[in-house]
Amino acid sequence: MTQKKSKDWQHLRNRYSRQTVLHAIGEEGQLKLLSSKITIIGCGALGSNIATLLVRAGIGHVTIVDRDFVEYHNLQRQILFDEEDIKAEVPKAIAAECHLKKINSTIEIEGIVADVNFSNIERFCSDADVILDGLDNIETRLLINDVALKHGIPWIYGGAVATTGMTVTIIPGETPCFRCFSPNLPTPDTLPTCETAGILGMIPSIIGSIQATEAIKLIIDRKQVNHELIVIDAWYDTFDKLIVKKRAACPACNGSYEMLENTFDIRVTSLCGQNRAMQIVNTKARKVSLNTIASQLPESAKVTNYAYMLKFNIDGYEIIVFSDGRVIIKGTIDKFIARNLYTKYIQNFL
C-alpha cells in the first residue's frame, strides 16, 4: 500500500470508526459499503432521509434522481433542504448533491434532474447494487419493481402519509415482489396524499431510517434482511410486521414487465405537490439547447437561464424547460392549454 493510500485509509478508518466497531459491520463490511453503488429514486421526505444516512455511512457511489424543486412546504419534513435552496430555485437533486458533498467528500454523489419513466429508468438503475424508493406514487414504484426484477437488483419500498408509514425489502427470485401485494394500479383519487391527508414530519424519518438500514444489510449480510412488510403508526405508537406471500399469477415475477413496456411519446400530467402546474415529458426528445430556445423568445418573456434549466414568463404562464426536453408549465391544470404552449414555444427545438 502506498503512503498516500495508507493515509487515506487511516482517515477512512477514523471517519467510520463508530460504525466499524459494530460487530455486524466491522472493517470488512465498511469496505463493502465503500465499494457499493445505490440509486435513490425520489428525493422528498423519504429520499432525503435515506440519502443523508447512507452518505454518512459511506456508500461509495450514490445516485439521486428527482424531477422537482424545493418549496416551502417541503421544509417541514425534507431534512436536506433549506430556505436558500428555494430562493436559488435549485432542483432537489442538485441541492441534495451539493449538501451531501459537504457531509462526505470522500464518496461519489450524483444528482440527476429527471422524470423517471420507461425510457430512462434502466440507465439510472441497471448498475446499482440496491435501488431505494423515495417516491410518492405507485406507478413509478411498479416501474422500479419491473427494472429490479429484470436486472436482478434488490430494492426497498417505502411509503409515508399522515402518521403512518410502511416498508418492505424486495429481493428478485427470493421474496414476493411489489406487484404481488399491489397487483393493480389505483387511480390517483383513491389514495391519500400529503396534500389531502397531511404528513407528520417524523414518519418519513422513521421509514427512511429503516430503508437505509435494510440497504446496508443487503450490501453486507443478506441473511439479516427483513422479509416482512413493516407498518408503523408514529402517532399511536404501533409497529406491525405483516407476512407478504408470492402471487402465482404475478406478471412481474413471471418475467412480464408491463410497466417497462407501457411506452409513450409525449405525456402531459398534473404535478403532484405543486400548485397549478403541468408537466410535459417527450421521450423522443434529444438533449436541447437552452440558449437556442432563449434566443428565440421575445424580451418580454423575462428569460432566466440557469445551469440546469431555462425559465420564462409568457402569455400569463411560467414555463420551465430542462435540457432533456422536459417542460413544466405553471399557472394551469388544463392539458389542452399546456400542450398548446408546449407546441408553440418548445416542440420545434426538440
# chains A, B, ... in the order shown; residues from 1 in each chain; ligands from 1
>>> closest_atom_pairs(of="region 146-176 of chain A", to="region 192-205 of chain A", cutoff="12 Å", atoms="only C-alpha atoms", output="Markdown table")
| residue | atom | partner | partner_atom | distance |
| --- | --- | --- | --- | --- |
| A:Gly158 | CA | A:Pro204 | CA | 8.6 |
| A:Gly159 | CA | A:Pro204 | CA | 7.7 |
| A:Ala160 | CA | A:Pro204 | CA | 5.7 |
| A:Val161 | CA | A:Ile199 | CA | 5.2 |
| A:Ala162 | CA | A:Ile199 | CA | 3.9 |
| A:Thr163 | CA | A:Leu200 | CA | 5.3 |
| A:Thr164 | CA | A:Ile203 | CA | 6.5 |
| A:Gly165 | CA | A:Ile203 | CA | 6.3 |
| A:Met166 | CA | A:Pro204 | CA | 9.4 |
| A:Thr167 | CA | A:Pro204 | CA | 10.5 |
>>> closest_atom_pairs(of="region 215-332 of chain A", to="region 46-57 of chain A", cutoff="12 Å", atoms="only C-alpha atoms", output="Markdown table")
| residue | atom | partner | partner_atom | distance |
| --- | --- | --- | --- | --- |
| A:Ala215 | CA | A:Leu54 | CA | 8.4 |
| A:Ile216 | CA | A:Leu54 | CA | 8.1 |
| A:Lys217 | CA | A:Leu54 | CA | 11.8 |
| A:Ile219 | CA | A:Leu54 | CA | 11.7 |
>>> write_last_selection(atoms="N, CA and C atoms", output="PDB file, in the first residue's frame")
ATOM      1  N   ALA A 215     -30.739  -1.317   3.344  1.00  0.00           N
ATOM      2  CA  ALA A 215     -29.765  -1.207   2.253  1.00  0.00           C
ATOM      3  C   ALA A 215     -28.380  -1.649   2.714  1.00  0.00           C
ATOM      4  N   ILE A 216     -27.987  -1.231   3.906  1.00  0.00           N
ATOM      5  CA  ILE A 216     -26.694  -1.635   4.454  1.00  0.00           C
ATOM      6  C   ILE A 216     -26.653  -3.143   4.672  1.00  0.00           C
ATOM      7  N   LYS A 217     -27.756  -3.704   5.161  1.00  0.00           N
ATOM      8  CA  LYS A 217     -27.805  -5.160   5.370  1.00  0.00           C
ATOM      9  C   LYS A 217     -27.725  -5.907   4.037  1.00  0.00           C
ATOM     10  N   ILE A 219     -26.139  -5.040   1.420  1.00  0.00           N
ATOM     11  CA  ILE A 219     -24.768  -4.956   0.920  1.00  0.00           C
ATOM     12  C   ILE A 219     -23.811  -5.806   1.745  1.00  0.00           C
TER      13      ILE A 219
END
>>> residues_around(residues="Arg67 (chain A)", least_positions_apart="6", cutoff="6 Å", atoms="only C-alpha atoms", output="mmCIF file with N, CA and C atoms, in the first residue's frame")
data_model
loop_
_atom_site.group_PDB
_atom_site.id
_atom_site.type_symbol
_atom_site.label_atom_id
_atom_site.label_comp_id
_atom_site.auth_asym_id
_atom_site.auth_seq_id
_atom_site.Cartn_x
_atom_site.Cartn_y
_atom_site.Cartn_z
ATOM 1 N N VAL A 113 -31.467 15.494 -12.452
ATOM 2 C CA VAL A 113 -32.776 16.130 -12.555
ATOM 3 C C VAL A 113 -33.519 15.483 -13.714
ATOM 4 N N ALA A 114 -34.499 14.654 -13.401
ATOM 5 C CA ALA A 114 -35.212 13.927 -14.451
ATOM 6 C C ALA A 114 -36.521 13.382 -13.935
ATOM 7 N N ASP A 115 -37.468 13.227 -14.840
ATOM 8 C CA ASP A 115 -38.693 12.496 -14.570
ATOM 9 C C ASP A 115 -38.416 11.034 -14.893
#
>>> residues_around(residues="region 262-265 of chain A", least_positions_apart="3", cutoff="6 Å", atoms="only C-alpha atoms", output="list in words")
Met259, Asn282 and Thr283 of chain A
>>> write_last_selection(atoms="C-alpha atoms", output="compact mmCIF listing (two decimals), in the first residue's frame")
# COMPACT_ATOMS: atom_id res chain seq x y z
CA MET A 259 -44.76 -1.06 -16.78
CA ASN A 282 -41.30 13.84 -24.52
CA THR A 283 -39.41 10.54 -24.56
>>> select_by_dssp(residues="region 36-199 of chain A", states="strand (DSSP E or B)", output="PyMOL selection string")
chain A and resi 37-41+61-66+69+91+108-113+130-133+155-162+164-170+199
>>> write_last_selection(atoms="N, CA and C atoms", output="CSV table (one decimal), in the first residue's frame")
chain,number,residue,atom,x,y,z
A,37,LYS,N,-22.8,0.7,-4.8
A,37,LYS,CA,-23.5,1.7,-5.6
A,37,LYS,C,-25.0,1.6,-5.4
A,38,ILE,N,-25.6,2.7,-5.0
A,38,ILE,CA,-27.0,2.7,-4.8
A,38,ILE,C,-27.7,3.8,-5.7
A,39,THR,N,-29.0,3.6,-6.0
A,39,THR,CA,-29.8,4.6,-6.7
A,39,THR,C,-31.0,4.9,-5.9
A,40,ILE,N,-31.2,6.2,-5.6
A,40,ILE,CA,-32.4,6.6,-4.8
A,40,ILE,C,-33.3,7.3,-5.8
A,41,ILE,N,-34.5,6.8,-6.0
A,41,ILE,CA,-35.5,7.4,-6.9
A,41,ILE,C,-36.4,8.3,-6.1
A,61,HIS,N,-20.9,5.1,-4.0
A,61,HIS,CA,-21.5,5.9,-5.1
A,61,HIS,C,-23.0,6.0,-4.9
A,62,VAL,N,-23.5,7.2,-4.7
A,62,VAL,CA,-24.9,7.5,-4.5
A,62,VAL,C,-25.5,8.3,-5.7
A,63,THR,N,-26.5,7.7,-6.4
A,63,THR,CA,-27.2,8.5,-7.4
A,63,THR,C,-28.5,8.8,-6.9
A,64,ILE,N,-28.9,10.1,-7.1
A,64,ILE,CA,-30.2,10.6,-6.6
A,64,ILE,C,-30.9,11.2,-7.8
A,65,VAL,N,-32.1,10.7,-8.1
A,65,VAL,CA,-32.9,11.1,-9.2
A,65,VAL,C,-34.2,11.7,-8.7
A,66,ASP,N,-34.5,13.0,-9.2
A,66,ASP,CA,-35.7,13.7,-8.7
A,66,ASP,C,-36.0,14.7,-9.8
A,69,PHE,N,-38.6,20.8,-7.6
A,69,PHE,CA,-37.9,21.9,-7.0
A,69,PHE,C,-38.2,21.9,-5.5
A,91,PRO,N,-33.2,22.7,-8.3
A,91,PRO,CA,-33.8,21.4,-8.3
A,91,PRO,C,-33.4,20.6,-7.1
A,108,GLU,N,-18.6,9.3,-4.1
A,108,GLU,CA,-19.2,9.9,-5.3
A,108,GLU,C,-20.7,10.1,-5.1
A,109,ILE,N,-21.2,11.3,-5.4
A,109,ILE,CA,-22.6,11.7,-5.3
A,109,ILE,C,-23.0,12.3,-6.5
A,110,GLU,N,-24.1,11.8,-7.1
A,110,GLU,CA,-24.6,12.4,-8.4
A,110,GLU,C,-26.0,12.7,-8.3
A,111,GLY,N,-26.4,13.9,-8.5
A,111,GLY,CA,-27.8,14.3,-8.5
A,111,GLY,C,-28.3,14.4,-10.0
A,112,ILE,N,-29.4,13.8,-10.3
A,112,ILE,CA,-29.9,13.8,-11.7
A,112,ILE,C,-31.3,14.4,-11.7
A,113,VAL,N,-31.5,15.5,-12.5
A,113,VAL,CA,-32.8,16.1,-12.6
A,113,VAL,C,-33.5,15.5,-13.7
A,130,VAL,N,-28.3,-1.7,-5.0
A,130,VAL,CA,-29.6,-1.6,-4.4
A,130,VAL,C,-30.3,-0.3,-4.9
A,131,ILE,N,-31.6,-0.5,-5.1
A,131,ILE,CA,-32.5,0.7,-5.5
A,131,ILE,C,-33.4,1.0,-4.3
A,132,LEU,N,-33.5,2.3,-4.0
A,132,LEU,CA,-34.3,2.7,-2.9
A,132,LEU,C,-35.4,3.6,-3.4
A,133,ASP,N,-36.6,3.4,-2.8
A,133,ASP,CA,-37.8,4.1,-3.2
A,133,ASP,C,-38.0,5.3,-2.3
A,155,TRP,N,-34.5,-4.1,-4.2
A,155,TRP,CA,-34.9,-2.7,-3.9
A,155,TRP,C,-35.8,-2.7,-2.7
A,156,ILE,N,-35.9,-1.5,-2.2
A,156,ILE,CA,-36.6,-1.3,-0.9
A,156,ILE,C,-37.7,-0.3,-1.0
A,157,TYR,N,-38.9,-0.8,-0.9
A,157,TYR,CA,-40.1,0.1,-1.0
A,157,TYR,C,-40.3,0.8,0.4
A,158,GLY,N,-40.7,2.1,0.2
A,158,GLY,CA,-41.1,2.8,1.4
A,158,GLY,C,-42.2,3.8,1.1
A,159,GLY,N,-43.1,4.0,2.0
A,159,GLY,CA,-44.2,5.0,1.8
A,159,GLY,C,-44.6,5.6,3.1
A,160,ALA,N,-45.0,6.9,3.1
A,160,ALA,CA,-45.4,7.5,4.3
A,160,ALA,C,-46.4,8.6,4.0
A,161,VAL,N,-47.5,8.6,4.8
A,161,VAL,CA,-48.5,9.6,4.6
A,161,VAL,C,-49.3,9.7,6.0
A,162,ALA,N,-49.7,10.9,6.3
A,162,ALA,CA,-50.4,11.2,7.6
A,162,ALA,C,-49.4,10.8,8.7
A,164,THR,N,-48.7,7.4,9.3
A,164,THR,CA,-48.3,6.0,9.1
A,164,THR,C,-47.3,5.9,8.0
A,165,GLY,N,-46.5,4.8,8.1
A,165,GLY,CA,-45.6,4.5,7.0
A,165,GLY,C,-45.4,3.0,6.9
A,166,MET,N,-44.8,2.6,5.8
A,166,MET,CA,-44.6,1.2,5.6
A,166,MET,C,-43.3,1.0,4.7
A,167,THR,N,-42.7,-0.2,4.9
A,167,THR,CA,-41.6,-0.5,4.1
A,167,THR,C,-41.4,-2.0,4.0
A,168,VAL,N,-40.8,-2.5,2.9
A,168,VAL,CA,-40.5,-3.9,2.7
A,168,VAL,C,-39.3,-4.0,1.8
A,169,THR,N,-38.5,-5.0,2.0
A,169,THR,CA,-37.3,-5.2,1.1
A,169,THR,C,-37.7,-6.3,0.1
A,170,ILE,N,-37.4,-6.1,-1.1
A,170,ILE,CA,-37.7,-7.0,-2.2
A,170,ILE,C,-36.5,-7.5,-2.9
A,199,ILE,N,-49.0,15.1,6.6
A,199,ILE,CA,-48.0,14.2,7.0
A,199,ILE,C,-47.3,14.7,8.2
>>> select_by_dssp(residues="region 20-131 of chain A", states="alpha helix (DSSP H)", output="PyMOL selection string")
chain A and resi 20+26-34+45-57+83-87+92-103+121-125
